[in-house]
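> Provided below: model_11.txt, containing compact mmCIF, C-alpha atoms.
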```txt
# COMPACT_ATOMS: atom_id res chain seq x y z
CA MET A 1 -13.50 -11.50 -6.97
CA ASN A 2 -9.83 -10.74 -6.49
CA ALA A 3 -8.71 -7.14 -6.91
CA ILE A 4 -5.29 -8.43 -7.99
CA GLU A 5 -4.40 -11.91 -9.15
CA ILE A 6 -0.82 -12.80 -10.05
CA ASN A 7 0.32 -16.20 -11.31
CA GLY A 8 3.90 -17.27 -12.04
CA LEU A 9 5.14 -13.71 -12.56
CA LYS A 10 8.72 -13.51 -13.84
CA LYS A 11 11.08 -10.68 -14.68
CA LYS A 12 14.76 -11.01 -15.45
CA TYR A 13 17.28 -8.17 -15.24
CA SER A 14 21.04 -8.56 -15.67
CA ASP A 15 21.58 -8.32 -11.90
CA PHE A 16 18.22 -9.37 -10.46
CA THR A 17 15.49 -11.91 -11.16
CA LEU A 18 11.94 -11.94 -9.89
CA GLU A 19 10.91 -15.57 -9.91
CA ASP A 20 7.56 -17.24 -10.10
CA ILE A 21 5.57 -14.80 -7.94
CA SER A 22 1.96 -15.86 -7.31
CA PHE A 23 -0.50 -14.23 -4.93
CA SER A 24 -3.91 -12.63 -4.92
CA LEU A 25 -5.52 -9.71 -3.14
CA PRO A 26 -9.19 -10.45 -2.40
CA GLU A 27 -11.51 -7.50 -3.04
CA GLY A 28 -12.18 -5.47 0.09
CA SER A 29 -8.86 -6.47 1.72
CA ILE A 30 -5.47 -4.91 2.41
CA LEU A 31 -2.36 -6.81 1.41
CA GLY A 32 1.08 -5.79 2.63
CA LEU A 33 4.03 -6.58 0.43
CA VAL A 34 7.03 -6.79 2.70
CA GLY A 35 10.70 -7.36 2.01
CA GLU A 36 14.13 -5.79 2.31
CA ASN A 37 15.27 -2.98 -0.01
CA GLY A 38 15.87 -4.54 -3.42
CA ALA A 39 13.80 -7.66 -2.66
CA GLY A 40 11.54 -7.03 -5.67
CA LYS A 41 8.57 -5.15 -4.21
CA SER A 42 8.72 -2.18 -6.61
CA THR A 43 9.44 -4.50 -9.55
CA THR A 44 6.29 -6.45 -8.64
CA ILE A 45 4.25 -3.23 -8.52
CA ASN A 46 5.68 -2.05 -11.84
CA LEU A 47 4.72 -5.40 -13.35
CA ILE A 48 1.21 -5.22 -11.85
CA MET A 49 0.73 -1.81 -13.50
CA ASN A 50 2.32 -3.09 -16.73
CA ALA A 51 4.83 -0.23 -16.45
CA VAL A 52 7.56 -2.74 -17.38
CA SER A 53 7.15 -5.80 -19.58
CA ARG A 54 7.13 -9.17 -17.87
CA ASP A 55 9.02 -12.28 -18.95
CA GLY A 56 6.38 -14.74 -17.80
CA GLY A 57 3.18 -15.28 -15.87
CA THR A 58 -0.18 -13.54 -15.79
CA VAL A 59 -1.50 -10.46 -13.99
CA THR A 60 -5.18 -9.60 -13.63
CA VAL A 61 -6.18 -6.31 -11.96
CA LEU A 62 -9.86 -5.62 -11.13
CA GLY A 63 -10.76 -8.44 -13.50
CA THR A 64 -8.73 -7.10 -16.44
CA ASP A 65 -5.60 -8.63 -17.96
CA ASN A 66 -3.02 -5.88 -17.48
CA ARG A 67 -1.66 -6.39 -21.01
CA SER A 68 -5.04 -5.88 -22.67
CA GLU A 69 -6.20 -2.66 -24.30
CA GLU A 70 -8.91 -2.33 -21.62
CA PHE A 71 -6.29 -1.96 -18.89
CA LYS A 72 -5.91 1.73 -19.72
CA LYS A 73 -9.55 2.15 -18.67
CA THR A 74 -9.01 -0.01 -15.57
CA LYS A 75 -6.25 2.41 -14.51
CA GLU A 76 -9.03 4.94 -13.92
CA ASP A 77 -10.05 2.78 -10.94
CA ILE A 78 -6.52 2.52 -9.50
CA GLY A 79 -5.02 5.15 -7.23
CA ILE A 80 -1.25 5.17 -7.19
CA VAL A 81 1.14 6.57 -4.59
CA LEU A 82 4.84 5.90 -5.11
CA ASP A 83 7.78 6.46 -2.75
CA GLU A 84 7.96 10.08 -3.97
CA ALA A 85 5.18 12.25 -5.40
CA TYR A 86 7.08 12.91 -8.67
CA PHE A 87 5.11 16.04 -9.61
CA PRO A 88 7.02 18.81 -11.41
CA PRO A 89 8.53 21.02 -8.67
CA VAL A 90 7.14 24.31 -9.98
CA ILE A 91 3.48 23.35 -10.05
CA SER A 92 1.00 23.96 -7.25
CA PRO A 93 -1.92 21.81 -6.01
CA VAL A 94 -4.25 24.01 -8.12
CA ASN A 95 -2.18 23.06 -11.19
CA VAL A 96 -2.27 19.38 -10.14
CA ASN A 97 -6.08 19.65 -10.21
CA SER A 98 -6.01 21.10 -13.76
CA ILE A 99 -3.73 18.29 -14.96
CA MET A 100 -5.61 15.47 -13.24
CA LYS A 101 -9.07 16.53 -14.38
CA TYR A 102 -7.93 15.84 -17.95
CA THR A 103 -6.14 12.64 -16.89
CA TYR A 104 -8.96 10.84 -15.05
CA GLN A 105 -12.53 10.83 -16.34
CA ASN A 106 -13.79 10.32 -12.77
CA TRP A 107 -11.74 13.19 -11.36
CA ASP A 108 -13.72 14.95 -8.65
CA GLU A 109 -12.22 18.38 -8.02
CA HIS A 110 -14.51 19.07 -5.04
CA LYS A 111 -13.16 15.93 -3.43
CA PHE A 112 -9.58 17.00 -4.26
CA PHE A 113 -9.96 20.48 -2.76
CA GLY A 114 -11.70 18.84 0.20
CA TYR A 115 -8.64 16.68 0.77
CA LEU A 116 -6.34 19.72 0.43
CA LYS A 117 -8.34 21.37 3.20
CA LYS A 118 -8.41 18.23 5.32
CA PHE A 119 -4.63 17.77 4.98
CA ALA A 120 -4.00 21.51 5.48
CA LEU A 121 -2.20 21.79 2.15
CA PRO A 122 -1.84 25.29 0.65
CA GLU A 123 -3.56 25.44 -2.74
CA LYS A 124 -1.14 27.80 -4.47
CA LYS A 125 2.22 26.96 -2.92
CA LYS A 126 4.78 25.43 -5.27
CA PHE A 127 5.34 21.70 -4.83
CA LYS A 128 9.10 22.20 -4.38
CA ASP A 129 8.42 24.25 -1.23
CA PHE A 130 6.43 21.42 0.39
CA SER A 131 7.86 19.23 3.16
CA ARG A 132 8.10 15.51 2.44
CA GLY A 133 4.99 14.85 4.52
CA MET A 134 3.04 17.49 2.57
CA LYS A 135 4.27 16.08 -0.74
CA MET A 136 3.08 12.59 0.16
CA LYS A 137 -0.26 13.96 1.36
CA LEU A 138 -0.70 15.75 -1.98
CA ALA A 139 0.09 12.50 -3.81
CA ILE A 140 -2.49 10.70 -1.65
CA ALA A 141 -5.08 13.44 -2.25
CA ALA A 142 -4.53 13.06 -6.01
CA ALA A 143 -4.74 9.25 -5.78
CA LEU A 144 -8.03 9.36 -3.85
CA SER A 145 -9.80 12.05 -5.87
CA HIS A 146 -10.73 9.96 -8.91
CA ASP A 147 -12.83 7.50 -6.95
CA PRO A 148 -10.49 4.49 -7.15
CA ARG A 149 -11.50 0.98 -6.07
CA LEU A 150 -7.92 -0.12 -5.62
CA LEU A 151 -5.02 1.77 -4.03
CA ILE A 152 -1.48 0.73 -4.87
CA LEU A 153 1.08 2.22 -2.51
CA ASP A 154 4.77 1.68 -3.10
CA GLU A 155 6.75 2.70 0.00
CA ALA A 156 4.32 5.59 0.43
CA THR A 157 5.14 5.99 4.13
CA SER A 158 8.93 5.57 4.02
CA GLY A 159 11.02 8.52 5.17
CA LEU A 160 8.11 10.09 7.06
CA ASP A 161 8.08 10.82 10.77
CA PRO A 162 5.88 8.53 12.93
CA ILE A 163 3.16 11.16 13.50
CA ILE A 164 2.65 11.88 9.79
CA ARG A 165 2.90 8.13 9.06
CA ASP A 166 0.13 7.46 11.55
CA GLU A 167 -2.05 10.17 10.00
CA ILE A 168 -1.49 8.66 6.55
CA LEU A 169 -2.28 5.15 7.78
CA ASP A 170 -5.58 6.49 9.12
CA ILE A 171 -6.40 7.84 5.65
CA PHE A 172 -5.74 4.40 4.17
CA LYS A 173 -7.89 2.75 6.86
CA GLU A 174 -10.71 5.15 6.04
CA PHE A 175 -10.41 4.28 2.33
CA ALA A 176 -10.36 0.53 3.03
CA ALA A 177 -13.44 0.75 5.25
CA LYS A 178 -15.59 1.47 2.19
CA GLU A 179 -17.18 -1.46 0.41
CA ASN A 180 -15.09 -3.25 -2.25
CA HIS A 181 -12.09 -0.97 -1.68
CA SER A 182 -8.77 -2.81 -1.70
CA ILE A 183 -5.19 -1.76 -0.97
CA LEU A 184 -1.86 -3.22 -2.00
CA LEU A 185 0.77 -1.63 0.21
CA SER A 186 4.47 -2.27 -0.19
CA SER A 187 6.75 -1.29 2.66
CA HIS A 188 9.78 -2.34 4.59
CA ILE A 189 8.27 -0.71 7.69
CA VAL A 190 6.66 -3.88 9.03
CA SER A 191 4.95 -2.13 11.96
CA ASP A 192 2.85 -0.12 9.45
CA LEU A 193 1.78 -3.31 7.73
CA GLU A 194 0.95 -4.99 11.03
CA LYS A 195 -1.38 -2.10 11.92
CA LEU A 196 -3.16 -2.06 8.58
CA CYS A 197 -3.08 -5.32 6.64
CA ASP A 198 -5.30 -8.37 6.38
CA TYR A 199 -2.76 -10.32 4.30
CA ILE A 200 1.04 -10.32 4.27
CA ALA A 201 3.17 -11.33 1.27
CA PHE A 202 6.86 -11.65 2.07
CA ILE A 203 9.29 -11.33 -0.84
CA HIS A 204 12.94 -12.15 -0.36
CA ALA A 205 15.62 -11.86 -3.08
CA GLY A 206 13.04 -11.95 -5.86
CA LYS A 207 11.13 -14.94 -4.49
CA LEU A 208 7.81 -15.10 -2.66
CA VAL A 209 8.42 -16.75 0.73
CA PHE A 210 4.74 -16.69 1.74
CA CYS A 211 1.43 -14.90 1.24
CA GLU A 212 -0.99 -15.56 4.08
CA LYS A 213 -3.53 -13.94 6.36
CA LYS A 214 -1.77 -11.84 8.99
CA GLU A 215 -3.21 -13.92 11.85
CA VAL A 216 -1.99 -17.12 10.20
CA VAL A 217 1.53 -15.69 9.89
CA LEU A 218 1.50 -14.65 13.56
CA ASP A 219 0.10 -18.06 14.65
CA LYS A 220 2.51 -20.02 12.53
CA TYR A 221 5.78 -18.25 13.29
CA ALA A 222 5.38 -16.42 16.63
CA LEU A 223 7.47 -17.82 19.49
CA SER A 224 5.49 -16.01 22.17
CA GLU A 225 2.56 -13.62 22.44
CA HIS A 226 5.05 -10.74 22.39
CA THR A 227 6.48 -11.71 19.01
CA THR A 228 5.69 -9.03 16.43
CA LEU A 229 5.34 -9.36 12.67
CA GLU A 230 8.62 -7.46 12.41
CA ASP A 231 10.40 -10.09 14.57
CA ILE A 232 9.04 -12.83 12.31
CA ILE A 233 10.05 -11.08 9.07
CA VAL A 234 13.57 -10.32 10.38
CA PHE A 235 13.93 -13.90 11.62
CA LEU A 236 12.76 -15.35 8.29
CA ALA A 237 14.88 -12.94 6.23
CA LYS A 238 18.00 -13.92 8.17
CA GLY A 239 17.09 -17.59 7.81
CA GLU A 240 16.59 -17.19 4.06
CA ARG A 241 19.91 -15.39 3.80
CA LEU A 242 21.70 -18.18 5.63
CA GLY A 243 19.86 -20.72 3.46
CA MET B 1 -2.86 14.34 -24.17
CA LYS B 2 -4.49 17.58 -22.98
CA ALA B 3 -3.38 16.85 -19.41
CA LEU B 4 0.22 16.34 -20.54
CA LEU B 5 0.19 19.52 -22.62
CA ILE B 6 -1.12 21.49 -19.64
CA LYS B 7 1.57 19.99 -17.40
CA ASP B 8 4.36 20.91 -19.85
CA PHE B 9 2.90 24.39 -20.31
CA TYR B 10 2.84 25.06 -16.54
CA THR B 11 6.32 23.65 -16.07
CA LEU B 12 7.86 25.61 -18.90
CA VAL B 13 6.07 28.89 -18.24
CA LYS B 14 7.08 28.85 -14.58
CA GLN B 15 10.66 27.73 -15.18
CA MET B 16 11.45 29.87 -18.18
CA LYS B 17 9.54 33.13 -17.80
CA MET B 18 12.51 35.23 -18.95
CA PHE B 19 13.29 33.00 -21.94
CA ILE B 20 9.67 33.10 -23.06
CA VAL B 21 9.63 36.90 -22.84
CA LEU B 22 12.81 36.96 -24.98
CA ILE B 23 11.27 34.64 -27.56
CA LEU B 24 8.23 36.92 -27.72
CA ILE B 25 10.45 39.98 -28.19
CA PHE B 26 12.47 38.21 -30.92
CA ALA B 27 9.26 37.10 -32.63
CA ILE B 28 7.85 40.65 -32.58
CA LEU B 29 11.04 42.53 -33.55
CA PRO B 30 11.44 43.14 -37.28
CA GLY B 31 14.11 41.11 -39.04
CA THR B 32 14.12 37.59 -40.42
CA SER B 33 17.05 36.28 -38.38
CA LEU B 34 15.39 37.16 -35.05
CA THR B 35 12.11 35.61 -36.19
CA ALA B 36 13.99 32.51 -37.29
CA PHE B 37 15.72 32.35 -33.91
CA ALA B 38 12.39 32.58 -32.06
CA VAL B 39 10.72 29.85 -34.15
CA ILE B 40 13.73 27.52 -34.12
CA TYR B 41 14.26 28.02 -30.40
CA CYS B 42 10.68 26.81 -29.87
CA ALA B 43 11.64 23.55 -31.61
CA MET B 44 14.15 22.95 -28.80
CA LEU B 45 11.61 23.42 -25.99
CA PRO B 46 10.18 19.86 -26.06
CA MET B 47 13.73 18.72 -25.20
CA THR B 48 13.69 21.12 -22.23
CA ALA B 49 10.31 19.70 -21.16
CA ILE B 50 11.74 16.15 -21.32
CA SER B 51 14.70 17.34 -19.25
CA TYR B 52 12.33 18.64 -16.53
CA ASP B 53 10.44 15.33 -16.63
CA GLU B 54 13.72 13.45 -16.19
CA ASN B 55 14.77 15.63 -13.25
CA CYS B 56 11.55 15.15 -11.26
CA LYS B 57 11.11 11.54 -12.49
CA TRP B 58 7.62 12.37 -13.74
CA ASP B 59 7.74 9.36 -16.10
CA LYS B 60 7.77 6.98 -13.12
CA LEU B 61 4.36 8.30 -12.16
CA ALA B 62 3.07 8.86 -15.70
CA VAL B 63 3.48 5.19 -16.70
CA MET B 64 1.19 4.24 -13.81
CA MET B 65 -1.57 6.62 -14.92
CA PRO B 66 -3.99 6.18 -17.83
CA TYR B 67 -1.57 7.59 -20.42
CA SER B 68 -0.35 5.30 -23.21
CA ALA B 69 3.35 5.23 -24.09
CA LYS B 70 2.37 6.55 -27.52
CA SER B 71 0.57 9.57 -26.07
CA LEU B 72 3.49 10.31 -23.71
CA VAL B 73 5.84 10.53 -26.71
CA PHE B 74 3.45 12.10 -29.22
CA GLU B 75 2.51 14.85 -26.75
CA LYS B 76 6.08 16.18 -26.81
CA TYR B 77 5.87 16.53 -30.60
CA VAL B 78 2.47 18.24 -30.36
CA PHE B 79 3.89 20.56 -27.68
CA GLY B 80 6.71 21.51 -30.07
CA TYR B 81 4.30 21.97 -32.99
CA ALA B 82 2.07 24.24 -30.88
CA LEU B 83 5.01 26.39 -29.76
CA ILE B 84 6.44 26.64 -33.28
CA ALA B 85 2.99 27.59 -34.62
CA ALA B 86 2.45 30.16 -31.85
CA SER B 87 5.81 31.87 -32.43
CA ALA B 88 5.28 31.83 -36.21
CA VAL B 89 1.81 33.41 -35.84
CA ILE B 90 3.22 36.11 -33.52
CA SER B 91 6.01 36.80 -36.04
CA LEU B 92 3.54 37.00 -38.92
CA LEU B 93 1.22 39.31 -36.99
CA SER B 94 4.07 41.64 -36.04
CA GLU B 95 5.29 41.65 -39.68
CA ALA B 96 1.75 42.51 -40.83
CA VAL B 97 1.39 45.30 -38.24
CA LEU B 98 4.83 46.71 -39.12
CA SER B 99 4.03 46.70 -42.83
CA VAL B 100 0.84 48.66 -42.15
CA ILE B 101 2.77 51.19 -40.00
CA ARG B 102 5.53 51.54 -42.61
CA GLY B 103 3.08 51.59 -45.46
CA THR B 104 4.98 48.77 -47.18
CA GLU B 105 3.48 45.70 -48.78
CA PHE B 106 3.11 42.57 -46.69
CA GLY B 107 4.17 40.23 -49.42
CA ILE B 108 4.39 36.57 -50.16
CA GLY B 109 8.12 36.84 -49.46
CA SER B 110 7.57 37.24 -45.71
CA LEU B 111 5.09 34.37 -45.69
CA GLY B 112 7.46 32.16 -47.67
CA MET B 113 10.36 32.99 -45.39
CA ILE B 114 8.40 32.16 -42.24
CA ALA B 115 7.08 28.96 -43.83
CA ALA B 116 10.66 27.93 -44.63
CA VAL B 117 11.76 28.71 -41.06
CA ILE B 118 8.83 26.63 -39.72
CA CYS B 119 9.95 23.70 -41.88
CA VAL B 120 13.54 24.03 -40.61
CA ALA B 121 12.25 24.10 -37.00
CA LEU B 122 10.08 21.02 -37.61
CA VAL B 123 12.99 19.16 -39.22
CA MET B 124 15.27 20.08 -36.31
CA GLN B 125 12.71 18.84 -33.80
CA ALA B 126 12.20 15.63 -35.80
CA ILE B 127 15.95 14.93 -35.81
CA ASN B 128 16.48 15.98 -32.21
CA LEU B 129 13.78 14.06 -30.30
CA PRO B 130 14.72 10.46 -31.23
CA PHE B 131 18.27 11.14 -29.97
CA ILE B 132 16.82 12.44 -26.70
CA TYR B 133 14.59 9.37 -26.28
CA LYS B 134 17.44 7.03 -27.17
CA PHE B 135 20.22 8.52 -25.06
CA GLY B 136 18.48 10.75 -22.49
CA VAL B 137 18.66 14.55 -22.50
CA GLU B 138 22.33 15.05 -21.56
CA LYS B 139 23.87 12.45 -23.89
CA GLY B 140 21.15 12.98 -26.52
CA ARG B 141 21.89 16.69 -26.77
CA PHE B 142 25.59 15.93 -27.24
CA VAL B 143 25.01 13.22 -29.89
CA TYR B 144 22.60 15.56 -31.73
CA LEU B 145 25.27 18.28 -31.78
CA VAL B 146 27.93 15.84 -33.01
CA VAL B 147 25.62 14.65 -35.82
CA PHE B 148 24.92 18.25 -36.87
CA VAL B 149 28.60 19.24 -36.87
CA ALA B 150 29.51 16.02 -38.71
CA ALA B 151 26.83 16.68 -41.34
CA PHE B 152 28.10 20.22 -41.98
CA ALA B 153 31.71 19.02 -42.02
CA LEU B 154 30.77 16.35 -44.57
CA ILE B 155 29.10 18.94 -46.79
CA GLY B 156 32.21 21.11 -46.42
CA VAL B 157 34.55 18.26 -47.38
CA ALA B 158 32.29 17.18 -50.25
CA GLY B 159 32.19 20.76 -51.49
CA LYS B 160 35.99 21.08 -51.59
CA GLY B 161 37.10 20.63 -55.18
CA ASN B 162 33.64 19.39 -56.23
CA ASP B 163 31.12 21.30 -58.21
CA LEU B 164 28.10 21.92 -55.97
CA SER B 165 26.38 24.17 -58.46
CA GLY B 166 23.73 21.45 -58.89
CA LEU B 167 22.89 21.77 -55.22
CA VAL B 168 22.81 25.55 -55.37
CA SER B 169 20.57 25.45 -58.42
CA ILE B 170 17.78 23.99 -56.20
CA VAL B 171 17.10 27.58 -55.20
CA HIS B 172 16.07 28.32 -58.76
CA TRP B 173 13.52 25.49 -58.93
CA ASN B 174 9.84 26.21 -59.30
CA PRO B 175 8.90 27.74 -55.90
CA VAL B 176 5.61 25.82 -55.68
CA PHE B 177 7.40 22.53 -56.38
CA LEU B 178 10.13 23.48 -53.90
CA ALA B 179 7.53 24.30 -51.20
CA CYS B 180 5.67 21.02 -51.80
CA ALA B 181 8.92 19.03 -51.71
CA LEU B 182 9.94 20.74 -48.47
CA LEU B 183 6.52 20.01 -46.92
CA VAL B 184 6.59 16.34 -47.93
CA VAL B 185 10.15 15.87 -46.63
CA THR B 186 9.25 17.62 -43.34
CA ALA B 187 6.09 15.53 -42.90
CA LEU B 188 7.86 12.26 -43.70
CA LEU B 189 10.73 13.09 -41.35
CA ASN B 190 8.26 13.86 -38.55
CA VAL B 191 6.27 10.64 -39.03
CA GLY B 192 9.50 8.61 -39.05
CA SER B 193 10.79 10.52 -36.04
CA ILE B 194 7.62 9.89 -33.99
CA LEU B 195 7.71 6.15 -34.75
CA LEU B 196 11.41 5.98 -33.87
CA SER B 197 10.95 7.95 -30.63
CA GLU B 198 8.08 5.65 -29.56
CA ARG B 199 10.31 2.64 -30.16
CA PHE B 200 13.22 4.12 -28.19
CA TYR B 201 10.89 5.21 -25.37
CA LEU B 202 9.36 1.75 -25.03
CA LYS B 203 12.78 0.07 -25.14
CA LYS B 204 14.14 2.38 -22.46
CA ASN B 205 11.13 2.46 -20.13
CA ARG B 206 9.48 -0.93 -20.48
CA ASN B 207 12.51 -3.19 -19.94
```
Written as structure tokens, how would this file's structure read?


Amino acid sequence: MNAIEINGLKKKYSDFTLEDISFSLPEGSILGLVGENGAGKSTTINLIMNAVSRDGGTVTVLGTDNRSEEFKKTKEDIGIVLDEAYFPPVISPVNVNSIMKYTYQNWDEHKFFGYLKKFALPEKKKFKDFSRGMKMKLAIAAALSHDPRLLILDEATSGLDPIIRDEILDIFKEFAAKENHSILLSSHIVSDLEKLCDYIAFIHAGKLVFCEKKEVVLDKYALSEHTTLEDIIVFLAKGERLG
Amino acid sequence: MKALLIKDFYTLVKQMKMFIVLILIFAILPGTSLTAFAVIYCAMLPMTAISYDENCKWDKLAVMMPYSAKSLVFEKYVFGYALIAASAVISLLSEAVLSVIRGTEFGIGSLGMIAAVICVALVMQAINLPFIYKFGVEKGRFVYLVVFVAAFALIGVAGKGNDLSGLVSIVHWNPVFLACALLVVTALLNVGSILLSERFYLKKNRN
């Protein structure tokens, strides 16, 4: 089964169009969505979560059409981390627990407080007094504490220093190691994707350039054994720009 | 819904401790105008909660979680209703306690007055929230103010040289009929307002 299956996805804005995006994320895998800022990665994620209405195509997440009534229940199995944590600044992790236990039926507060301990996050400190790394760790703790089968991460590591980023990537690896756990990770930090992903989908100016296994991409486009995924993406992006 | 109410409660309590203490004092102090201020001020608090949501971009996260668009909008109304009810109950209790201390009768007049103030607060909230969902908090607040001033100006202009005694005579209608009419109008306005707010919310956030 595919954790995510997208066919012919379209979305038109006055200044940007996402055209005919099709790819799938096999269950138990990690797919990296890569592209420049404004390429359409966040739009794709918003469309996957049915947070914005699409103009065409189909989206199935964990076997459920994302426009169906049942999708609200499917969201219980999806952990979300966006580019910012977006919690109200005055609340503390203890308050986050109180809110989330009435949001997710599967919310496991022992797991949540376990993550707080593991990430060395103070339970009663206000969110506004957290560093960016701490904020993202809190968002990850919240996303992992309702026993999701799928993690969707939209630029979750951007703006973080390399040490924190590495710590966070380890958390994602740990999640993905469990059976049937899948991750869709959007980022423009290609080195993160290279470390973590099984599949790479490259979006450029609203169009999908390719979606293939990471090894296939490296085999197909690498000029030497030293060529990195980042080199390939930069090379392809420049090529696409030049037509 | 419960999760959203808890979130708004935490946010508001922590951001507005002083204001909430003032509302409590106004609700407890004797005098109809202070009570009215406390209850009506509570009708404005859902707008404040939306403003906090806008500032921290909570909606970006909320639409990804298992909340429906309907529950995201309806919760703000319920939050307002709960605050209005709480301030009205505090006002009533303080009136009752004061009447015992003074040895005066706690009459139907006090109850009627608070009921009327509750209706005014509910109507204000019903008119206010669709503007906020349509235009956002900053613009919405301004448009709401303009509409209110324009409505009063219109009444003023209409009243100049015209006989408004018919309008004034409403006060002398049967009080039970008047109360029922007020309740029906308030309920209808709120139902219409919720439907309109949902529509504006979806249009703004789903496109």

> Edge lengths and centre in Å to one decimal, as lines of an AutoDock Vina configuration file, of the axis-aligned box that encloses all listed atoms of segment 58-63 of chain B with 8 Å added on every side?


```
center_x = 5.4
center_y = 8.8
center_z = -14.4
size_x = 20.7
size_y = 23.2
size_z = 20.5
```

> To one decimal place in Å, what is the distance between atom CA of Ala51 of chain A and atom CA of Val63 of chain B?

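For atom CA of Ala51 of chain A relative to atom CA of Val63 of chain B, the distance reads 5.6 Å.
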
> Using only C-alpha atoms, determine which residues lie at most 8 Å from Ser158 of chain A, disregarding the query and same-chain residues fewer than 2 positions distant; provide the list as a ChimeraX atom specification.

/A:83,155-156,160,187-189

> Got a sec to pull out which chain B residues are within 6 Å of chain A, counting only C-alpha atoms, and send them as a list in words?

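The contacting residues on chain B are Ala3, Cys56, Lys57, Trp58, Val63, Pro66, Arg206 and Asn207 of chain B.
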
> Just C-alpha atoms for this one: save the residues we selected as a compact mmCIF listing (two decimals), in the coordinates of the input.


```
# COMPACT_ATOMS: atom_id res chain seq x y z
CA ALA B 3 -3.38 16.85 -19.41
CA CYS B 56 11.55 15.15 -11.26
CA LYS B 57 11.11 11.54 -12.49
CA TRP B 58 7.62 12.37 -13.74
CA VAL B 63 3.48 5.19 -16.70
CA PRO B 66 -3.99 6.18 -17.83
CA ARG B 206 9.48 -0.93 -20.48
CA ASN B 207 12.51 -3.19 -19.94
```

> Tell me, in Å to one decimal, how far atom CA of Gly38 of chain A is from atom CA of Pro148 of chain A.

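Computing it gives 28.1 Å between the two atoms.
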
> What is the atom CA of Gly8 of chain A-atom CA of Gly57 of chain A distance in Å, reported with one decimal?

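Separation between atom CA of Gly8 of chain A and atom CA of Gly57 of chain A: 4.4 Å.
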
> If we count all atoms listed in the file, what is near Ser197 of chain B at a cut-off of 7 Å, once residues fewer than 6 positions away on the same chain are taken out, given as a PyMOL selection string?

chain B and resi 73+129-130+133

> With distances taken over only C-alpha atoms, which of B:Ile23, B:Leu195, B:Met16, B:Met47 is nearest to Arg141 of chain B?

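Residue with the minimum atom-to-atom distance to Arg141 of chain B: B:Met47.
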
> Tell me which of A:Leu196, A:Val94, A:Leu138, A:Gly56 sits closest to Ala177 of chain A, counting all atoms listed in the file.

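The shortest atom-to-atom distance to Ala177 of chain A comes from A:Leu196.
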
> In the coordinates of the file, take the point (4.6, 39.6, -40.3) and a cut-off of 9 Å; then, counting all atoms listed in the file, name each qualifying protein, DNA or RNA residue as a PyMOL selection string.

chain B and resi 28+30+88-99+106+110-111+114

> Taking only C-alpha atoms into account, which of A:Ala120, A:Ile233, A:Ala176, A:Ala201 comes nearest Ser29 of chain A?

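Closest to Ser29 of chain A, using only C-alpha atoms: A:Ala176.
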
> Just give me the residues with any atom within 12 Å of (-9.1, -3.1, -6.6), file coordinates, counting only C-alpha atoms, written as a ChimeraX atom specification.

/A:1-5,24-31,48,60-64,74-80,147-152,175-176,178-184

> With all atoms listed in the file as the counted atoms, please give the residues lying no more than 12 Å from Phe74 of chain B, apart from itself and same-chain residues fewer than 4 positions off, as a list of chain:residue names.

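Result of the neighbour search: B:Met1, B:Lys2, B:Leu4, B:Leu5, B:Pro46, B:Tyr67, B:Ser68, B:Ala69, B:Lys70, B:Val78, B:Phe79, B:Gly80, B:Tyr81, B:Ala126, B:Leu129, B:Pro130, B:Tyr133, B:Asn190, B:Val191, B:Ser193, B:Ile194, B:Leu195, B:Leu196, B:Ser197, B:Glu198, B:Arg199, B:Tyr201.
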